Each structure stands twice: as structure tokens, then as C-alpha cells.
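Peer 1: So here's work.cif, just mmCIF, C-alpha atoms:
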```
data_query
loop_
_atom_site.label_atom_id
_atom_site.label_comp_id
_atom_site.auth_asym_id
_atom_site.auth_seq_id
_atom_site.Cartn_x
_atom_site.Cartn_y
_atom_site.Cartn_z
CA GLU A 705 0.00 0.00 0.00
CA LEU A 706 2.86 2.37 0.77
CA PHE A 707 4.58 2.23 -2.61
CA ALA A 708 1.95 0.98 -5.09
CA LYS A 709 0.86 3.39 -7.80
CA THR A 710 -2.75 4.40 -7.43
CA ASP A 711 -5.50 6.71 -8.62
CA ASP A 712 -7.54 5.80 -5.55
CA ALA A 713 -8.27 9.04 -3.68
CA ALA A 714 -8.99 7.22 -0.41
CA LEU A 715 -5.70 5.34 -0.56
CA HIS A 716 -3.83 8.55 -1.35
CA ALA A 717 -5.49 10.24 1.63
CA ARG A 718 -4.44 7.38 3.95
CA ARG A 719 -0.86 7.73 2.74
CA LEU A 720 -0.84 11.46 3.43
CA ALA A 721 -2.31 10.93 6.88
CA ARG A 722 0.26 8.26 7.69
CA TYR A 723 3.12 10.45 6.49
CA ALA A 724 1.81 13.41 8.52
CA ALA A 725 1.57 11.25 11.65
CA ARG A 726 5.03 9.74 11.35
CA ARG A 727 7.71 9.82 8.70
CA GLY A 728 9.59 6.66 7.81
CA VAL A 729 8.74 3.00 7.28
CA TYR A 730 10.05 1.48 10.51
CA ALA A 731 7.78 -1.06 12.21
CA SER A 732 7.72 -3.95 14.67
CA HIS A 733 5.85 -7.24 14.93
CA ALA A 734 5.54 -10.05 17.47
CA PHE A 735 4.88 -13.69 16.61
CA GLY A 736 4.01 -16.74 18.68
CA PRO A 737 2.65 -17.39 22.18
CA PRO A 738 4.49 -15.89 25.19
CA GLU A 739 6.73 -18.92 25.74
CA LYS A 740 7.77 -18.87 22.05
CA ARG A 741 7.58 -15.15 21.36
CA VAL A 742 9.73 -13.76 18.53
CA ALA A 743 9.97 -9.97 18.23
CA VAL A 744 10.84 -8.52 14.82
CA ILE A 745 12.06 -4.92 14.63
CA LEU A 746 12.32 -3.39 11.15
CA LEU A 747 14.56 -0.32 11.01
CA ASP A 748 14.38 2.44 8.41
CA THR A 749 18.01 3.22 7.58
CA ARG A 750 17.26 5.41 4.54
CA SER A 751 14.71 8.11 5.39
CA PHE A 752 16.73 9.85 8.11
CA ARG A 753 20.32 8.88 7.34
CA GLY A 754 22.85 11.67 7.08
CA ALA A 755 25.49 12.00 4.39
CA TYR A 756 28.50 9.77 4.08
CA ARG A 757 31.86 11.43 4.59
CA PHE A 758 32.19 11.32 0.80
CA PRO A 759 28.68 11.62 -0.73
CA SER A 760 27.54 9.04 -3.26
CA LEU A 761 28.18 9.88 -6.90
CA GLY A 762 25.31 7.76 -8.17
CA ALA A 763 22.59 10.44 -8.15
CA ALA A 764 24.79 13.08 -9.78
CA ALA A 765 25.86 10.77 -12.61
CA ARG A 766 22.50 9.06 -13.18
CA GLY A 767 21.61 9.04 -16.87
CA VAL A 768 25.06 10.17 -17.99
CA PRO A 769 26.53 7.74 -20.57
CA VAL A 770 29.46 5.68 -19.25
CA LEU A 771 29.74 7.78 -16.07
CA GLY A 772 26.39 6.50 -14.82
CA LYS A 773 27.64 2.91 -14.96
CA LEU A 774 30.97 3.75 -13.33
CA ALA A 775 29.53 5.90 -10.53
CA PRO A 776 28.71 2.98 -8.18
CA LEU A 777 32.27 1.69 -8.49
CA ALA A 778 33.68 5.16 -7.85
CA ALA A 779 31.43 5.56 -4.81
CA ALA A 780 32.57 2.18 -3.48
CA ALA A 781 36.18 3.21 -3.96
CA LEU A 782 35.63 6.47 -2.05
CA ARG A 783 33.89 4.65 0.78
CA GLY A 784 36.71 2.09 0.83
CA VAL A 785 39.40 4.74 1.14
CA ALA A 786 37.48 6.58 3.87
CA GLY A 787 36.85 3.34 5.77
CA MET A 788 40.44 2.13 5.59
CA CYS A 789 41.63 5.56 6.78
CA GLY A 790 39.16 5.49 9.65
CA VAL A 791 37.32 8.55 8.39
CA GLY A 792 33.66 7.97 9.27
CA SER A 793 30.70 10.31 9.07
CA PRO A 794 29.61 12.01 12.32
CA GLU A 795 26.01 12.03 11.13
CA ASP A 796 23.15 9.78 12.21
CA VAL A 797 21.36 6.81 10.64
CA LEU A 798 17.96 6.57 12.35
CA GLY A 799 16.98 10.06 13.50
CA GLU A 800 15.92 10.90 17.05
CA ALA A 801 12.26 9.93 16.64
CA GLN A 802 13.22 6.47 15.44
CA TRP A 803 15.84 6.08 18.17
CA ALA A 804 13.18 6.82 20.79
CA TRP A 805 10.86 4.32 19.12
CA LEU A 806 13.63 1.68 19.06
CA GLU A 807 14.25 2.12 22.79
CA THR A 808 10.56 1.43 23.40
CA GLN A 809 10.59 -1.64 21.15
CA LEU A 810 13.64 -3.10 22.87
CA ALA A 811 12.04 -2.55 26.27
CA GLU A 812 8.84 -4.26 25.11
CA ALA A 813 10.87 -7.17 23.68
CA ALA A 814 12.27 -8.03 27.11
CA SER A 815 9.97 -11.05 27.41
CA ALA A 816 10.62 -12.39 23.88
CA ARG A 817 12.70 -15.53 23.48
CA PHE A 818 14.30 -14.13 20.30
CA VAL A 819 14.63 -10.66 18.80
CA VAL A 820 15.29 -10.09 15.10
CA VAL A 821 16.50 -6.60 14.13
CA ALA A 822 16.41 -5.91 10.37
CA SER A 823 18.57 -3.22 8.81
CA SER A 824 18.66 -2.60 5.06
CA VAL A 825 22.44 -2.14 5.20
CA GLN A 826 25.00 -4.19 7.09
CA VAL A 827 25.81 -3.36 10.71
CA LEU A 828 28.84 -5.45 11.69
CA THR A 829 30.82 -5.81 8.46
CA SER A 830 34.52 -4.93 8.36
CA ASN A 831 34.34 -4.31 4.60
CA PRO A 832 34.74 -0.56 3.95
CA ALA A 833 33.62 -0.56 0.30
CA PHE A 834 29.90 -1.18 0.83
CA GLU A 835 27.27 1.03 2.39
CA SER A 836 26.98 0.08 6.07
CA TRP A 837 26.75 1.33 9.65
CA ARG A 838 30.55 1.11 9.74
CA HIS A 839 30.66 4.49 7.98
CA PHE A 840 28.59 6.04 10.80
CA PRO A 841 30.62 4.93 13.85
CA ALA A 842 28.71 6.96 16.46
CA ALA A 843 25.36 5.60 15.25
CA LYS A 844 26.70 2.04 15.16
CA ALA A 845 28.05 2.36 18.70
CA ARG A 846 24.69 3.78 19.83
CA LEU A 847 22.82 0.81 18.34
CA LEU A 848 25.06 -1.79 19.98
CA GLU A 849 24.96 0.10 23.28
CA ALA A 850 21.15 0.10 23.21
CA LEU A 851 21.19 -3.67 22.65
CA ARG A 852 23.62 -4.18 25.53
CA ARG A 853 21.59 -1.97 27.85
CA HIS A 854 18.26 -3.66 27.18
CA ALA A 855 19.93 -7.08 26.82
CA PRO A 856 17.10 -8.77 24.89
CA SER A 857 17.32 -12.52 24.47
CA GLY A 858 18.59 -14.23 21.31
CA VAL A 859 19.38 -11.21 19.11
CA LEU A 860 19.93 -11.66 15.38
CA LEU A 861 20.67 -8.80 12.98
CA LEU A 862 19.40 -9.26 9.42
CA SER A 863 20.56 -7.17 6.46
CA GLY A 864 20.75 -7.08 2.67
CA ASP A 865 21.69 -4.50 0.01
CA VAL A 866 25.18 -5.75 -0.91
CA HIS A 867 24.35 -8.39 -3.59
CA HIS A 868 26.07 -11.21 -1.72
CA ALA A 869 25.45 -13.27 1.40
CA ASP A 870 27.56 -12.87 4.51
CA VAL A 871 27.78 -13.93 8.15
CA SER A 872 29.11 -11.54 10.80
CA ALA A 873 29.74 -13.18 14.17
CA ASP A 874 32.42 -14.18 16.62
CA SER A 875 31.49 -17.84 16.11
CA ALA A 876 29.01 -19.86 14.07
CA THR A 877 26.96 -20.59 17.22
CA THR A 878 26.61 -17.85 19.81
CA CYS A 879 25.02 -17.24 23.18
CA GLY A 880 24.67 -13.49 23.75
CA GLY A 881 27.15 -12.39 21.08
CA ALA A 882 26.59 -10.12 18.09
CA VAL A 883 25.38 -12.08 15.06
CA GLU A 884 24.37 -10.73 11.66
CA VAL A 885 23.27 -12.66 8.59
CA THR A 886 23.12 -10.88 5.24
CA SER A 887 21.14 -12.23 2.29
CA SER A 888 21.16 -10.38 -1.04
CA GLY A 889 19.75 -11.12 -3.53
CA LEU A 890 17.55 -13.66 -5.26
CA THR A 891 17.26 -11.89 -8.63
CA HIS A 892 20.89 -10.85 -9.13
CA SER A 893 24.15 -10.83 -7.22
CA LEU A 894 27.83 -10.01 -7.54
CA ALA A 895 28.25 -13.20 -9.54
CA SER A 896 25.63 -12.08 -12.09
CA SER A 897 28.19 -9.82 -13.76
CA LYS A 898 31.75 -10.77 -14.71
CA LYS A 899 32.84 -7.23 -13.84
CA THR A 900 31.48 -7.23 -10.30
CA LYS A 901 32.58 -10.81 -9.66
CA LEU A 902 36.11 -9.94 -10.77
CA LEU A 903 36.28 -6.70 -8.77
CA PHE A 904 34.44 -7.60 -5.57
CA GLY A 905 35.38 -11.27 -5.16
CA PRO A 906 38.93 -10.46 -3.97
CA LEU A 907 37.56 -7.61 -1.85
CA LEU A 908 35.26 -9.96 0.03
CA ALA A 909 38.13 -12.38 0.55
CA THR A 910 40.32 -9.58 1.96
CA PHE A 911 38.08 -8.08 4.66
CA THR A 912 37.21 -11.06 6.84
CA SER A 913 37.59 -9.99 10.48
CA HIS A 914 33.82 -9.77 11.01
CA ARG A 915 33.23 -13.41 10.04
CA PRO A 916 33.40 -16.60 12.12
CA ALA A 917 35.41 -18.07 9.21
CA PRO A 918 37.12 -16.17 6.34
CA ASP A 919 35.05 -17.96 3.70
CA ALA A 920 31.64 -17.31 5.37
CA PHE A 921 30.28 -15.44 2.36
CA TYR A 922 28.57 -16.37 -0.89
CA VAL A 923 28.41 -14.33 -4.12
CA GLY A 924 25.73 -16.26 -6.03
CA GLU A 925 22.00 -15.56 -6.03
CA ASN A 926 20.58 -16.42 -2.63
CA TYR A 927 17.78 -16.05 -0.11
CA GLY A 928 17.50 -16.44 3.65
CA GLU A 929 15.26 -18.31 6.07
CA LEU A 930 14.83 -18.59 9.84
CA ALA A 931 14.05 -21.80 11.71
CA PHE A 932 13.39 -22.26 15.43
CA ALA A 933 14.02 -25.20 17.73
CA TRP A 934 11.90 -24.97 20.89
CA GLY A 935 13.58 -27.56 23.07
CA ALA A 936 15.10 -27.26 26.53
CA ALA A 937 17.66 -24.84 25.06
CA PRO A 938 15.80 -22.87 22.34
CA GLU A 939 17.77 -21.92 19.23
CA MET A 940 17.16 -19.79 16.17
CA ARG A 941 18.98 -20.89 13.02
CA ALA A 942 19.48 -18.47 10.14
CA ARG A 943 20.22 -20.16 6.83
CA VAL A 944 21.23 -18.74 3.47
CA ARG A 945 20.28 -20.88 0.49
CA ASP A 946 21.32 -20.63 -3.15
CA ALA A 947 18.84 -20.34 -6.02
CA ALA A 948 18.48 -24.14 -6.07
CA GLY A 949 17.61 -24.24 -2.36
CA ARG A 950 20.92 -25.62 -1.15
CA GLU A 951 22.23 -24.29 2.18
CA VAL A 952 25.41 -22.28 1.65
CA LEU A 953 25.74 -20.36 4.95
CA SER A 954 24.22 -20.52 8.42
CA ALA A 955 24.45 -19.15 11.94
CA THR A 956 22.78 -20.29 15.15
CA VAL A 957 21.63 -17.98 17.95
CA ARG A 958 20.77 -19.31 21.39
CA SER A 959 18.18 -17.72 23.66
CA CYS A 960 20.66 -15.81 25.84
CA PRO A 961 20.66 -12.12 26.87
CA PHE A 962 22.59 -9.89 24.46
CA GLY A 963 26.08 -9.30 25.85
CA GLY A 964 25.70 -12.22 28.26
CA GLY A 965 28.11 -14.45 26.39
CA GLY A 966 30.69 -13.72 23.72
CA ASP A 967 31.76 -10.25 22.61
CA ALA A 968 28.66 -8.16 21.88
CA GLY A 969 30.47 -5.61 19.79
CA GLY A 970 34.10 -6.51 19.38
CA GLY A 971 35.28 -9.14 16.95
CA ALA A 972 32.29 -8.96 14.64
CA GLY A 973 32.85 -5.90 12.52
CA GLY A 974 35.74 -4.34 14.41
#
```
Here is a file; write its structure as C-alpha cells.
Peer 2:
Amino acid sequence: ELFAKTDDAALHARRLARYAARRGVYASHAFGPPEKRVAVILLDTRSFRGAYRFPSLGAAARGVPVLGKLAPLAAAALRGVAGMCGVGSPEDVLGEAQWAWLETQLAEAASARFVVVASSVQVLTSNPAFESWRHFPAAKARLLEALRRHAPSGVLLLSGDVHHADVSADSATTCGGAVEVTSSGLTHSLASSKKTKLLFGPLLATFTSHRPAPDAFYVGENYGELAFAWGAAPEMRARVRDAAGREVLSATVRSCPFGGGGDAGGGAGG
């Protein structure tokens, strides 16, 4: 309803009313009975995000022959240089209204067995070339600090955007540590183009400190799924599957308070 084209006056009016009441597309949902409650928090990392230290060239070069196709690579190169030099943006990602909302959601998720936090861009990656929270260090630190403070149980970060799959964690199975699974995308990926596969394959193999194993990434078309085991020690398993349905990556999160075991913000992402 939010993005569909329409000539429906009533639908248009609802959109205007929703926008006037609250900007952004962040939302939260809860699934399952109390003893198997899963809280899902969907962040909006686009509507309120400030500028990167070096602004993207994509918009300026859009529609320009040759330059338009090279702009994303140039932007990635600029981000990479800034990231490797430790030059992050001091600006924010969520905006104060969304931060206040997130604090409320984390407080309300205190009774959930698992909490899934979705971000369009990666949070914990050590790779400086892609768009991520890494380029907004103060905002990233604020997010991880909020998770530590509220200490919800069984936290998993989900992300996409980068056209490959990735796992960010201190270990493949964690109790209280920071875990992120990235799945992107099912229609095209870095392997869809010889150019991107050639350029970004070595890059992914170089920046590995955020992963439980250096090869915990996948460049083919992929999708993700979550599965839950509700035994004596509940677990949430995040799997990445290739286009044929074969499992290529996975991570397991136990129902432990965030920060209660493992490094909640150290090894994964640096």
C-alpha cells in the first residue's frame, strides 16, 4: 500500500495521513505465544540517514553515458578509502524519533525468546567498500549500546543491500554475542556480472575480520530463512540458500541475553 501506484483518492489520503503522523517506514511485529515469542524490529536506515563522509556519486551521474555505470564503483572506492583511513561520518542513521521508538521496542521485547532486528544495510561488516553502519561509527556504537543496555534474548541482525550473502559473528553458534546474517539477492548478485565478480570477489576475501570463518560469504543468487528449535535450550537458526535451495551459509543464535556471552560488539565488525 505504501509504494503501489494508485488513482484511488482514499488510498492517497491514507498515505498522506500516515506520512503526517510519522515519517519513515520502521515497524515492529511479534509472533508466537508468550513462551515462544519472537519480536521482529524493522529499522528504516534510509529516510533519516545523514550523508557519508564522501557523498555518493550515483545520483549526480545518473543518466550520464558511461559515467552513470561507473559511478557505483567510484562511490565504493571512495567509501573504501574513507573506511580504511578510519574517516567515518559524524552524522546519524535513524533520526531521534526512530531512536526513541527503538528504545521502546527493545524494552517491550524483554519477554521475547528471540529478537530479530532488520537493517537494510550491514551493521557489523569490516568491509569498507559497501554502504553500512561502519561508515557512521557513532550511530553504530549507539545501536550496539542500546542492545547491551536492554539485553534482549537471542538477538539476530538481518541485512541485505550488498548483492552477496555474509555472516558476521564471533562464532558460528553464539550465546549473547553479536550475530548478523546478510542475504542479497535472489534476482541478481555479484556473480551475475563478470565485472562485479572480478572486482568484488577479492575484496570480500580480503576483509574477513567480522566473520566466524574467512570464507563465510557467498556471491551467487541467494535467499534467507529462519528456523526455530523450541527444546530445553531454544535456538534460532538463520540459513542462506542458493537459487536451487541448497544451504550455503548458516548461523545459530541461542536464547541468551545480548552481551551475556561472547563479545557483543568486538570481533564482529571491528
Peer 1: I want to know what sits within 8 Å of segment 791-806 of chain A, based on only C-alpha atoms, with residues of the same chain fewer than 5 positions away left out; could you give that as a PyMOL selection string?
Peer 2: chain A and resi 730+747-757+786+837-843
Peer 1: Quick one: distance from atom CA of Thr878 of chain A to atom CA of Phe735 of chain A in Å, one decimal?
Peer 2: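 Straight-line distance from atom CA of Thr878 of chain A to atom CA of Phe735 of chain A works out to 22.4 Å.
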Peer 1: When you look at Arg741 of chain A with a cut-off of 10 Å (counting all atoms listed in the file), what residues show up, excluding the ones that are within fewer than 5 positions of it in the same chain? I need them as a list in words.
Peer 2: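 My list of contacting residues is Ala734, Phe735, Gly736, Ala813, Ser815, Ala816, Arg817, Phe818 and Val819 of chain A.
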Peer 1: Of the residues A:Val923, A:Leu828, A:Leu851, A:Ala937, which is the one nearest to Ser872 of chain A, using all atoms listed in the file?
Peer 2: A:Leu828
Peer 1: Do you have the atom CA of Ala743 of chain A-atom CA of Gly881 of chain A distance handy?
Peer 2: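 Atom CA of Gly881 of chain A lies 17.6 Å from atom CA of Ala743 of chain A.
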Peer 1: Determine the nearest neighbour of Phe904 of chain A from the options A:Ala920, A:Val866, A:Ala931, A:Ala845, counting only C-alpha atoms.
Peer 2: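 Among the listed residues, the smallest separation from Phe904 of chain A belongs to A:Val866.
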Peer 1: Take atom CA of Gly728 of chain A and atom CA of Ser830 of chain A and report the distance between them in Å, one decimal.
Peer 2: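 Those two atoms sit 27.5 Å apart.
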Peer 1: When distances are computed from all atoms listed in the file, which of A:Arg726, A:Arg941, A:Arg846, A:Arg950 shows the smallest separation from Val859 of chain A?
Peer 2: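 Of A:Arg726, A:Arg941, A:Arg846, A:Arg950, the one nearest Val859 of chain A is A:Arg941, counting all atoms listed in the file.
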Peer 1: Working from the structure I just supplied, which lacks atoms in segment 836-872 of chain A, can you model N, CA and C atoms there and output them as a PDB file, in the coordinates of the input?
Peer 2:
```
ATOM      1  N   SER A 836      27.206   0.808   4.821  1.00  0.00           N
ATOM      2  CA  SER A 836      26.980   0.080   6.070  1.00  0.00           C
ATOM      3  C   SER A 836      27.012   1.057   7.240  1.00  0.00           C
ATOM      4  N   TRP A 837      26.664   0.541   8.415  1.00  0.00           N
ATOM      5  CA  TRP A 837      26.750   1.330   9.650  1.00  0.00           C
ATOM      6  C   TRP A 837      28.205   1.629   9.998  1.00  0.00           C
ATOM      7  N   ARG A 838      29.125   0.874   9.460  1.00  0.00           N
ATOM      8  CA  ARG A 838      30.550   1.110   9.740  1.00  0.00           C
ATOM      9  C   ARG A 838      30.943   2.549   9.420  1.00  0.00           C
ATOM     10  N   HIS A 839      30.323   3.128   8.399  1.00  0.00           N
ATOM     11  CA  HIS A 839      30.660   4.490   7.980  1.00  0.00           C
ATOM     12  C   HIS A 839      30.023   5.560   8.862  1.00  0.00           C
ATOM     13  N   PHE A 840      29.212   5.130   9.835  1.00  0.00           N
ATOM     14  CA  PHE A 840      28.590   6.040  10.800  1.00  0.00           C
ATOM     15  C   PHE A 840      28.913   5.498  12.200  1.00  0.00           C
ATOM     16  N   PRO A 841      30.166   5.624  12.633  1.00  0.00           N
ATOM     17  CA  PRO A 841      30.620   4.930  13.850  1.00  0.00           C
ATOM     18  C   PRO A 841      29.850   5.300  15.115  1.00  0.00           C
ATOM     19  N   ALA A 842      29.451   6.566  15.252  1.00  0.00           N
ATOM     20  CA  ALA A 842      28.710   6.960  16.460  1.00  0.00           C
ATOM     21  C   ALA A 842      27.340   6.294  16.482  1.00  0.00           C
ATOM     22  N   ALA A 843      26.679   6.233  15.329  1.00  0.00           N
ATOM     23  CA  ALA A 843      25.360   5.600  15.250  1.00  0.00           C
ATOM     24  C   ALA A 843      25.475   4.097  15.494  1.00  0.00           C
ATOM     25  N   LYS A 844      26.501   3.464  14.944  1.00  0.00           N
ATOM     26  CA  LYS A 844      26.700   2.040  15.160  1.00  0.00           C
ATOM     27  C   LYS A 844      26.942   1.745  16.637  1.00  0.00           C
ATOM     28  N   ALA A 845      27.779   2.553  17.271  1.00  0.00           N
ATOM     29  CA  ALA A 845      28.050   2.360  18.700  1.00  0.00           C
ATOM     30  C   ALA A 845      26.772   2.562  19.513  1.00  0.00           C
ATOM     31  N   ARG A 846      25.946   3.527  19.116  1.00  0.00           N
ATOM     32  CA  ARG A 846      24.690   3.780  19.830  1.00  0.00           C
ATOM     33  C   ARG A 846      23.745   2.586  19.710  1.00  0.00           C
ATOM     34  N   LEU A 847      23.677   1.978  18.543  1.00  0.00           N
ATOM     35  CA  LEU A 847      22.820   0.810  18.340  1.00  0.00           C
ATOM     36  C   LEU A 847      23.266  -0.353  19.210  1.00  0.00           C
ATOM     37  N   LEU A 848      24.559  -0.661  19.194  1.00  0.00           N
ATOM     38  CA  LEU A 848      25.060  -1.790  19.980  1.00  0.00           C
ATOM     39  C   LEU A 848      24.939  -1.513  21.477  1.00  0.00           C
ATOM     40  N   GLU A 849      25.108  -0.244  21.868  1.00  0.00           N
ATOM     41  CA  GLU A 849      24.960   0.100  23.280  1.00  0.00           C
ATOM     42  C   GLU A 849      23.523  -0.078  23.740  1.00  0.00           C
ATOM     43  N   ALA A 850      22.562   0.280  22.876  1.00  0.00           N
ATOM     44  CA  ALA A 850      21.150   0.100  23.210  1.00  0.00           C
ATOM     45  C   ALA A 850      20.834  -1.385  23.384  1.00  0.00           C
ATOM     46  N   LEU A 851      21.398  -2.223  22.528  1.00  0.00           N
ATOM     47  CA  LEU A 851      21.190  -3.670  22.650  1.00  0.00           C
ATOM     48  C   LEU A 851      21.803  -4.199  23.943  1.00  0.00           C
ATOM     49  N   ARG A 852      22.988  -3.738  24.280  1.00  0.00           N
ATOM     50  CA  ARG A 852      23.620  -4.180  25.530  1.00  0.00           C
ATOM     51  C   ARG A 852      22.793  -3.753  26.745  1.00  0.00           C
ATOM     52  N   ARG A 853      22.317  -2.519  26.714  1.00  0.00           N
ATOM     53  CA  ARG A 853      21.590  -1.970  27.850  1.00  0.00           C
ATOM     54  C   ARG A 853      20.271  -2.693  28.098  1.00  0.00           C
ATOM     55  N   HIS A 854      19.534  -2.957  27.032  1.00  0.00           N
ATOM     56  CA  HIS A 854      18.260  -3.660  27.180  1.00  0.00           C
ATOM     57  C   HIS A 854      18.454  -5.167  27.285  1.00  0.00           C
ATOM     58  N   ALA A 855      19.562  -5.655  26.743  1.00  0.00           N
ATOM     59  CA  ALA A 855      19.930  -7.080  26.820  1.00  0.00           C
ATOM     60  C   ALA A 855      18.780  -8.012  26.456  1.00  0.00           C
ATOM     61  N   PRO A 856      18.143  -7.825  25.288  1.00  0.00           N
ATOM     62  CA  PRO A 856      17.100  -8.770  24.890  1.00  0.00           C
ATOM     63  C   PRO A 856      17.705 -10.138  24.617  1.00  0.00           C
ATOM     64  N   SER A 857      16.858 -11.149  24.613  1.00  0.00           N
ATOM     65  CA  SER A 857      17.320 -12.520  24.470  1.00  0.00           C
ATOM     66  C   SER A 857      17.401 -12.921  22.998  1.00  0.00           C
ATOM     67  N   GLY A 858      18.469 -13.637  22.641  1.00  0.00           N
ATOM     68  CA  GLY A 858      18.590 -14.230  21.310  1.00  0.00           C
ATOM     69  C   GLY A 858      18.504 -13.237  20.176  1.00  0.00           C
ATOM     70  N   VAL A 859      19.420 -12.269  20.130  1.00  0.00           N
ATOM     71  CA  VAL A 859      19.380 -11.210  19.110  1.00  0.00           C
ATOM     72  C   VAL A 859      20.052 -11.665  17.820  1.00  0.00           C
ATOM     73  N   LEU A 860      19.369 -11.427  16.710  1.00  0.00           N
ATOM     74  CA  LEU A 860      19.930 -11.660  15.380  1.00  0.00           C
ATOM     75  C   LEU A 860      19.710 -10.407  14.541  1.00  0.00           C
ATOM     76  N   LEU A 861      20.770  -9.911  13.921  1.00  0.00           N
ATOM     77  CA  LEU A 861      20.670  -8.800  12.980  1.00  0.00           C
ATOM     78  C   LEU A 861      20.540  -9.375  11.571  1.00  0.00           C
ATOM     79  N   LEU A 862      19.578  -8.873  10.817  1.00  0.00           N
ATOM     80  CA  LEU A 862      19.400  -9.260   9.420  1.00  0.00           C
ATOM     81  C   LEU A 862      19.641  -8.055   8.521  1.00  0.00           C
ATOM     82  N   SER A 863      20.295  -8.276   7.385  1.00  0.00           N
ATOM     83  CA  SER A 863      20.560  -7.170   6.460  1.00  0.00           C
ATOM     84  C   SER A 863      20.593  -7.679   5.025  1.00  0.00           C
ATOM     85  N   GLY A 864      20.701  -6.744   4.085  1.00  0.00           N
ATOM     86  CA  GLY A 864      20.750  -7.080   2.670  1.00  0.00           C
ATOM     87  C   GLY A 864      21.599  -6.074   1.918  1.00  0.00           C
ATOM     88  N   ASP A 865      21.138  -5.636   0.750  1.00  0.00           N
ATOM     89  CA  ASP A 865      21.690  -4.500   0.010  1.00  0.00           C
ATOM     90  C   ASP A 865      22.946  -4.784  -0.814  1.00  0.00           C
ATOM     91  N   VAL A 866      23.827  -5.686  -0.368  1.00  0.00           N
ATOM     92  CA  VAL A 866      25.180  -5.750  -0.910  1.00  0.00           C
ATOM     93  C   VAL A 866      25.364  -6.753  -2.054  1.00  0.00           C
ATOM     94  N   HIS A 867      24.306  -7.457  -2.460  1.00  0.00           N
ATOM     95  CA  HIS A 867      24.350  -8.390  -3.590  1.00  0.00           C
ATOM     96  C   HIS A 867      25.270  -9.588  -3.347  1.00  0.00           C
ATOM     97  N   HIS A 868      25.423  -9.941  -2.087  1.00  0.00           N
ATOM     98  CA  HIS A 868      26.070 -11.210  -1.720  1.00  0.00           C
ATOM     99  C   HIS A 868      25.566 -11.583  -0.328  1.00  0.00           C
ATOM    100  N   ALA A 869      25.815 -12.808   0.073  1.00  0.00           N
ATOM    101  CA  ALA A 869      25.450 -13.270   1.400  1.00  0.00           C
ATOM    102  C   ALA A 869      26.670 -13.265   2.298  1.00  0.00           C
ATOM    103  N   ASP A 870      26.442 -13.033   3.594  1.00  0.00           N
ATOM    104  CA  ASP A 870      27.560 -12.870   4.510  1.00  0.00           C
ATOM    105  C   ASP A 870      27.106 -13.238   5.914  1.00  0.00           C
ATOM    106  N   VAL A 871      28.038 -13.696   6.740  1.00  0.00           N
ATOM    107  CA  VAL A 871      27.780 -13.930   8.150  1.00  0.00           C
ATOM    108  C   VAL A 871      28.775 -13.115   8.953  1.00  0.00           C
ATOM    109  N   SER A 872      28.272 -12.317   9.886  1.00  0.00           N
ATOM    110  CA  SER A 872      29.110 -11.540  10.800  1.00  0.00           C
ATOM    111  C   SER A 872      28.871 -12.056  12.207  1.00  0.00           C
TER     112      SER A 872
END
```
